[in-house]
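For reference, entry-v5.tsv (TSV, N, CA and C atoms and all ligand atoms):
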chain	number	residue	atom	x	y	z
A	1	MET	N	0.82	-1.20	0.00
A	1	MET	CA	0.00	0.00	0.00
A	1	MET	C	0.86	1.27	0.00
A	2	LEU	N	1.88	1.28	0.89
A	2	LEU	CA	2.76	2.45	0.95
A	2	LEU	C	3.49	2.64	-0.37
A	3	GLN	N	3.92	1.53	-0.97
A	3	GLN	CA	4.63	1.62	-2.24
A	3	GLN	C	3.75	2.25	-3.31
A	4	GLN	N	2.49	1.87	-3.32
A	4	GLN	CA	1.53	2.42	-4.28
A	4	GLN	C	1.31	3.91	-4.04
A	5	LEU	N	1.26	4.27	-2.77
A	5	LEU	CA	1.08	5.68	-2.39
A	5	LEU	C	2.31	6.52	-2.81
A	6	ARG	N	3.49	5.96	-2.59
A	6	ARG	CA	4.72	6.67	-3.01
A	6	ARG	C	4.75	6.82	-4.53
A	7	GLN	N	4.36	5.77	-5.23
A	7	GLN	CA	4.36	5.81	-6.69
A	7	GLN	C	3.38	6.87	-7.19
A	8	PHE	N	2.20	6.91	-6.60
A	8	PHE	CA	1.19	7.91	-6.97
A	8	PHE	C	1.78	9.32	-6.81
A	9	ARG	N	2.44	9.54	-5.65
A	9	ARG	CA	3.04	10.84	-5.36
A	9	ARG	C	4.17	11.16	-6.34
A	10	ASP	N	5.03	10.19	-6.57
A	10	ASP	CA	6.22	10.45	-7.38
A	10	ASP	C	5.89	10.63	-8.85
A	11	GLU	N	4.87	9.94	-9.33
A	11	GLU	CA	4.47	10.11	-10.73
A	11	GLU	C	3.99	11.54	-10.99
A	12	ARG	N	3.58	12.23	-9.94
A	12	ARG	CA	3.08	13.60	-10.07
A	12	ARG	C	4.08	14.64	-9.57
A	13	ASP	N	5.24	14.15	-9.13
A	13	ASP	CA	6.29	15.03	-8.59
A	13	ASP	C	5.76	15.89	-7.43
A	14	TRP	N	5.00	15.24	-6.55
A	14	TRP	CA	4.41	15.96	-5.43
A	14	TRP	C	5.22	15.86	-4.14
A	15	ALA	N	6.28	15.08	-4.14
A	15	ALA	CA	7.06	14.95	-2.90
A	15	ALA	C	7.56	16.31	-2.43
A	16	GLN	N	7.81	17.20	-3.40
A	16	GLN	CA	8.29	18.54	-3.06
A	16	GLN	C	7.29	19.30	-2.17
A	17	PHE	N	6.03	18.94	-2.23
A	17	PHE	CA	5.01	19.62	-1.42
A	17	PHE	C	4.71	18.89	-0.11
A	18	HIS	N	5.19	17.65	-0.02
A	18	HIS	CA	4.80	16.80	1.11
A	18	HIS	C	5.77	16.88	2.28
A	19	ASN	N	5.95	18.08	2.80
A	19	ASN	CA	6.72	18.21	4.04
A	19	ASN	C	5.80	17.83	5.21
A	20	SER	N	6.41	17.57	6.36
A	20	SER	CA	5.61	17.07	7.49
A	20	SER	C	4.53	18.06	7.91
A	21	LYS	N	4.83	19.35	7.88
A	21	LYS	CA	3.82	20.35	8.27
A	21	LYS	C	2.60	20.30	7.35
A	22	ASP	N	2.83	20.30	6.07
A	22	ASP	CA	1.69	20.31	5.15
A	22	ASP	C	0.94	18.99	5.14
A	23	LEU	N	1.64	17.89	5.37
A	23	LEU	CA	0.94	16.61	5.49
A	23	LEU	C	0.05	16.61	6.73
A	24	ALA	N	0.56	17.18	7.84
A	24	ALA	CA	-0.25	17.26	9.06
A	24	ALA	C	-1.46	18.17	8.84
A	25	LEU	N	-1.25	19.29	8.16
A	25	LEU	CA	-2.37	20.20	7.88
A	25	LEU	C	-3.40	19.52	6.98
A	26	ALA	N	-2.94	18.83	5.96
A	26	ALA	CA	-3.86	18.14	5.05
A	26	ALA	C	-4.65	17.08	5.80
A	27	LEU	N	-3.98	16.36	6.69
A	27	LEU	CA	-4.65	15.34	7.50
A	27	LEU	C	-5.77	15.99	8.33
A	28	SER	N	-5.44	17.11	8.95
A	28	SER	CA	-6.42	17.81	9.78
A	28	SER	C	-7.60	18.32	8.95
A	29	ILE	N	-7.30	18.82	7.78
A	29	ILE	CA	-8.36	19.33	6.89
A	29	ILE	C	-9.28	18.18	6.46
A	30	GLU	N	-8.68	17.04	6.13
A	30	GLU	CA	-9.49	15.89	5.75
A	30	GLU	C	-10.32	15.39	6.94
A	31	ALA	N	-9.75	15.47	8.14
A	31	ALA	CA	-10.52	15.09	9.34
A	31	ALA	C	-11.71	16.03	9.51
A	32	SER	N	-11.51	17.30	9.18
A	32	SER	CA	-12.63	18.24	9.25
A	32	SER	C	-13.69	17.91	8.20
A	33	GLU	N	-13.25	17.48	7.03
A	33	GLU	CA	-14.21	17.07	6.00
A	33	GLU	C	-15.01	15.84	6.49
A	34	LEU	N	-14.34	14.97	7.21
A	34	LEU	CA	-15.03	13.82	7.79
A	34	LEU	C	-16.07	14.29	8.81
A	35	ASN	N	-15.66	15.24	9.65
A	35	ASN	CA	-16.60	15.80	10.63
A	35	ASN	C	-17.80	16.44	9.95
A	36	GLU	N	-17.54	17.09	8.82
A	36	GLU	CA	-18.61	17.78	8.11
A	36	GLU	C	-19.71	16.80	7.65
A	37	VAL	N	-19.32	15.57	7.35
A	37	VAL	CA	-20.31	14.58	6.92
A	37	VAL	C	-21.34	14.35	8.02
A	38	PHE	N	-20.91	14.50	9.28
A	38	PHE	CA	-21.80	14.25	10.42
A	38	PHE	C	-22.48	15.51	10.94
A	39	LEU	N	-21.99	16.66	10.50
A	39	LEU	CA	-22.46	17.92	11.07
A	39	LEU	C	-23.97	18.11	10.94
A	40	TRP	N	-24.60	18.41	12.05
A	40	TRP	CA	-26.04	18.71	12.15
A	40	TRP	C	-26.92	17.51	11.83
A	41	LYS	N	-26.34	16.32	11.93
A	41	LYS	CA	-27.14	15.12	11.65
A	41	LYS	C	-26.99	14.16	12.81
A	42	LYS	N	-27.91	13.21	12.91
A	42	LYS	CA	-27.69	12.08	13.78
A	42	LYS	C	-26.63	11.21	13.11
A	43	ALA	N	-25.81	10.54	13.90
A	43	ALA	CA	-24.72	9.74	13.33
A	43	ALA	C	-25.23	8.77	12.27
A	44	GLU	N	-26.40	8.18	12.54
A	44	GLU	CA	-26.92	7.18	11.61
A	44	GLU	C	-27.42	7.78	10.30
A	45	ASP	N	-27.56	9.11	10.25
A	45	ASP	CA	-28.01	9.76	9.02
A	45	ASP	C	-26.86	10.21	8.13
A	46	ALA	N	-25.63	10.10	8.62
A	46	ALA	CA	-24.48	10.49	7.80
A	46	ALA	C	-24.32	9.51	6.64
A	47	ASP	N	-23.99	10.04	5.49
A	47	ASP	CA	-23.84	9.23	4.28
A	47	ASP	C	-22.58	8.34	4.41
A	48	PRO	N	-22.76	7.03	4.49
A	48	PRO	CA	-21.60	6.15	4.69
A	48	PRO	C	-20.61	6.19	3.52
A	49	VAL	N	-21.09	6.52	2.34
A	49	VAL	CA	-20.17	6.62	1.19
A	49	VAL	C	-19.20	7.78	1.41
A	50	ARG	N	-19.74	8.88	1.90
A	50	ARG	CA	-18.87	10.05	2.17
A	50	ARG	C	-17.98	9.80	3.38
A	51	VAL	N	-18.51	9.13	4.40
A	51	VAL	CA	-17.68	8.79	5.56
A	51	VAL	C	-16.49	7.96	5.10
A	52	ARG	N	-16.76	6.97	4.29
A	52	ARG	CA	-15.70	6.09	3.77
A	52	ARG	C	-14.65	6.88	2.99
A	53	GLU	N	-15.13	7.78	2.14
A	53	GLU	CA	-14.22	8.56	1.30
A	53	GLU	C	-13.33	9.48	2.14
A	54	GLU	N	-13.93	10.19	3.09
A	54	GLU	CA	-13.16	11.13	3.90
A	54	GLU	C	-12.23	10.39	4.87
A	55	LEU	N	-12.70	9.27	5.38
A	55	LEU	CA	-11.83	8.46	6.25
A	55	LEU	C	-10.61	7.97	5.46
A	56	ALA	N	-10.83	7.57	4.22
A	56	ALA	CA	-9.70	7.15	3.38
A	56	ALA	C	-8.71	8.30	3.20
A	57	ASP	N	-9.22	9.51	2.98
A	57	ASP	CA	-8.33	10.67	2.85
A	57	ASP	C	-7.49	10.86	4.12
A	58	VAL	N	-8.15	10.77	5.28
A	58	VAL	CA	-7.44	10.94	6.56
A	58	VAL	C	-6.33	9.88	6.67
A	59	LEU	N	-6.69	8.64	6.39
A	59	LEU	CA	-5.72	7.55	6.54
A	59	LEU	C	-4.56	7.70	5.56
A	60	LEU	N	-4.86	8.11	4.34
A	60	LEU	CA	-3.79	8.27	3.35
A	60	LEU	C	-2.80	9.35	3.78
A	61	TYR	N	-3.29	10.45	4.31
A	61	TYR	CA	-2.36	11.48	4.80
A	61	TYR	C	-1.63	11.02	6.05
A	62	ALA	N	-2.32	10.28	6.92
A	62	ALA	CA	-1.65	9.76	8.12
A	62	ALA	C	-0.52	8.81	7.73
A	63	PHE	N	-0.79	7.96	6.76
A	63	PHE	CA	0.25	7.02	6.30
A	63	PHE	C	1.42	7.77	5.67
A	64	GLN	N	1.11	8.80	4.89
A	64	GLN	CA	2.18	9.57	4.26
A	64	GLN	C	3.02	10.32	5.29
A	65	LEU	N	2.36	10.81	6.34
A	65	LEU	CA	3.11	11.52	7.39
A	65	LEU	C	4.02	10.54	8.13
A	66	ALA	N	3.51	9.38	8.47
A	66	ALA	CA	4.35	8.37	9.13
A	66	ALA	C	5.50	7.97	8.23
A	67	ASP	N	5.21	7.82	6.94
A	67	ASP	CA	6.24	7.44	5.97
A	67	ASP	C	7.31	8.51	5.85
A	68	LYS	N	6.89	9.76	5.96
A	68	LYS	CA	7.84	10.89	5.89
A	68	LYS	C	8.90	10.77	6.98
A	69	TYR	N	8.48	10.29	8.15
A	69	TYR	CA	9.41	10.11	9.26
A	69	TYR	C	10.10	8.75	9.22
A	70	GLY	N	9.71	7.93	8.27
A	70	GLY	CA	10.30	6.59	8.17
A	70	GLY	C	9.82	5.64	9.25
A	71	TRP	N	8.66	5.90	9.79
A	71	TRP	CA	8.13	5.07	10.87
A	71	TRP	C	7.36	3.88	10.32
A	72	ASP	N	7.48	2.78	11.00
A	72	ASP	CA	6.73	1.58	10.67
A	72	ASP	C	5.32	1.76	11.26
A	73	ILE	N	4.32	1.80	10.40
A	73	ILE	CA	2.96	2.14	10.85
A	73	ILE	C	2.38	1.10	11.81
A	74	PRO	N	2.42	-0.20	11.50
A	74	PRO	CA	1.91	-1.16	12.48
A	74	PRO	C	2.63	-1.06	13.83
A	75	GLN	N	3.94	-0.81	13.79
A	75	GLN	CA	4.70	-0.71	15.04
A	75	GLN	C	4.27	0.51	15.84
A	76	LEU	N	4.13	1.66	15.20
A	76	LEU	CA	3.74	2.86	15.96
A	76	LEU	C	2.32	2.73	16.51
A	77	MET	N	1.44	2.04	15.76
A	77	MET	CA	0.09	1.82	16.26
A	77	MET	C	0.11	0.87	17.46
A	78	GLN	N	0.94	-0.18	17.38
A	78	GLN	CA	1.04	-1.12	18.49
A	78	GLN	C	1.56	-0.44	19.74
A	79	GLU	N	2.58	0.44	19.54
A	79	GLU	CA	3.14	1.16	20.69
A	79	GLU	C	2.07	2.02	21.37
A	80	LYS	N	1.24	2.65	20.57
A	80	LYS	CA	0.20	3.52	21.13
A	80	LYS	C	-0.89	2.70	21.83
A	81	ILE	N	-1.25	1.57	21.23
A	81	ILE	CA	-2.24	0.69	21.86
A	81	ILE	C	-1.70	0.22	23.22
A	82	ASP	N	-0.41	-0.13	23.25
A	82	ASP	CA	0.21	-0.58	24.50
A	82	ASP	C	0.18	0.54	25.55
A	83	ARG	N	0.53	1.77	25.13
A	83	ARG	CA	0.50	2.90	26.07
A	83	ARG	C	-0.92	3.15	26.57
A	84	ASN	N	-1.89	3.07	25.65
A	84	ASN	CA	-3.29	3.28	26.06
A	84	ASN	C	-3.76	2.20	27.02
A	85	ALA	N	-3.28	0.98	26.80
A	85	ALA	CA	-3.67	-0.12	27.70
A	85	ALA	C	-3.13	0.13	29.11
A	86	GLU	N	-1.95	0.75	29.19
A	86	GLU	CA	-1.40	1.10	30.50
A	86	GLU	C	-2.18	2.24	31.13
A	87	LYS	N	-2.55	3.23	30.32
A	87	LYS	CA	-3.28	4.40	30.84
A	87	LYS	C	-4.72	4.06	31.20
A	88	TYR	N	-5.28	3.11	30.47
A	88	TYR	CA	-6.68	2.75	30.68
A	88	TYR	C	-6.80	1.26	30.99
A	89	PRO	N	-6.40	0.85	32.19
A	89	PRO	CA	-6.52	-0.56	32.54
A	89	PRO	C	-7.98	-0.99	32.45
A	90	ALA	N	-8.21	-2.15	31.87
A	90	ALA	CA	-9.59	-2.58	31.60
A	90	ALA	C	-10.42	-2.62	32.87
A	91	ASP	N	-9.82	-3.04	33.98
A	91	ASP	CA	-10.61	-3.15	35.21
A	91	ASP	C	-11.06	-1.78	35.73
A	92	LYS	N	-10.31	-0.72	35.40
A	92	LYS	CA	-10.71	0.62	35.85
A	92	LYS	C	-11.52	1.37	34.79
A	93	ALA	N	-11.22	1.11	33.53
A	93	ALA	CA	-11.83	1.90	32.45
A	93	ALA	C	-13.12	1.31	31.90
A	94	ARG	N	-13.42	0.08	32.26
A	94	ARG	CA	-14.60	-0.59	31.71
A	94	ARG	C	-15.86	0.23	31.97
A	95	SER	N	-16.58	0.51	30.90
A	95	SER	CA	-17.87	1.24	30.93
A	95	SER	C	-17.71	2.67	31.43
A	96	SER	N	-16.50	3.20	31.35
A	96	SER	CA	-16.26	4.58	31.80
A	96	SER	C	-15.76	5.42	30.63
A	97	SER	N	-16.25	6.65	30.53
A	97	SER	CA	-15.74	7.55	29.51
A	97	SER	C	-14.76	8.56	30.11
A	98	ALA	N	-14.36	8.33	31.37
A	98	ALA	CA	-13.45	9.26	32.04
A	98	ALA	C	-12.06	9.23	31.43
A	99	LYS	N	-11.39	10.37	31.48
A	99	LYS	CA	-10.00	10.46	31.04
A	99	LYS	C	-9.14	9.66	32.02
A	100	TYR	N	-7.98	9.18	31.54
A	100	TYR	CA	-7.15	8.27	32.34
A	100	TYR	C	-6.79	8.85	33.71
A	101	ASP	N	-6.61	10.16	33.80
A	101	ASP	CA	-6.22	10.72	35.09
A	101	ASP	C	-7.40	10.86	36.06
A	102	LYS	N	-8.58	10.49	35.60
A	102	LYS	CA	-9.77	10.55	36.45
A	102	LYS	C	-10.30	9.15	36.78
A	103	LEU	N	-9.58	8.13	36.36
A	103	LEU	CA	-10.05	6.76	36.63
A	103	LEU	C	-9.79	6.38	38.06
B	1	MG	MG	-11.58	14.76	1.43

For the structure just supplied, provide its representation as structure tokens.
Ligand SMILES: [Mg+2]
Amino acid sequence: MLQQLRQFRDERDWAQFHNSKDLALALSIEASELNEVFLWKKAEDADPVRVREELADVLLYAFQLADKYGWDIPQLMQEKIDRNAEKYPADKARSSSAKYDKL
């Protein structure tokens, strides 16, 4: 997947624009587009086709940002899941929406 994404970028000579700041901004903008799909609606009324499309945009920019730093995406996700598991022990966090420092 990453190789395909790099090829797409390189065939268009867009690497020159893909600095970490602009990738982060693009990710945030796409996240806002995702939010817009839900704006002023009940969650179940949001168009799933648009949710899927905007979520794909968010993920593609997230992957490109991780790739920019040379990070292994499954590894960084695993590290974060592990940290979250420490912050939110299941026995304390179960059925709670509290932040970790309030558990
Ligand atoms: Mg979009």

* Asked: So what do you get for atom N of Asp13 (chain A) versus atom C of Leu34 (chain A), distance-wise?
  ->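 Separation between atom N of Asp13 (chain A) and atom C of Leu34 (chain A): 27.9 Å.
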
* Identify, on the basis of only C-alpha atoms, every residue whose closest approach to Leu65 (chain A) does not exceed 9 Å; exclude the query and any residue fewer than 3 positions from it along the same chain; express the result as number ranges by chain. => A: 18-21, 23-24, 27, 60-62, 68-71

* Mind checking DSSP for chain A and telling me the helix (DSSP H, G or I) residues as a ChimeraX atom specification? -> /A:2-11,15-17,20-38,43-45,48-68,73-87,90-93,100-102

* Given all atoms listed in the file as the counted atoms, nearest of A:Glu86, A:Leu59, A:Gln64, A:Leu103 to Arg6 (chain A) ->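 Closest candidate: A:Gln64.
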
* Can you pull out every residue within 8 Å of Val51 (chain A), counting only N, CA and C atoms, but drop anything in the same chain fewer than 6 positions away, and send it as a ChimeraX atom specification? => /A:33-35,37-38,57

* To do: Give the residue list for ligand MG 1 (chain B) at 8 Å, counting all atoms listed in the file, as a list in words, sorted by chain and then by residue number.
  =>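 The residues near ligand MG 1 (chain B) are Ile29, Glu30, Ala31, Ser32, Glu33, Leu34, Glu53, Glu54, Leu55, Ala56, Asp57 and Val58 of chain A.
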
* To do: Name the closest residue to Met1 (chain A) among the candidates A:Lys41, A:Met77, A:Phe63, A:Trp14; distances are taken between atoms, counting only C-alpha atoms.
  =>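 Looking at the shortest contact to Met1 (chain A), the residue is A:Phe63.
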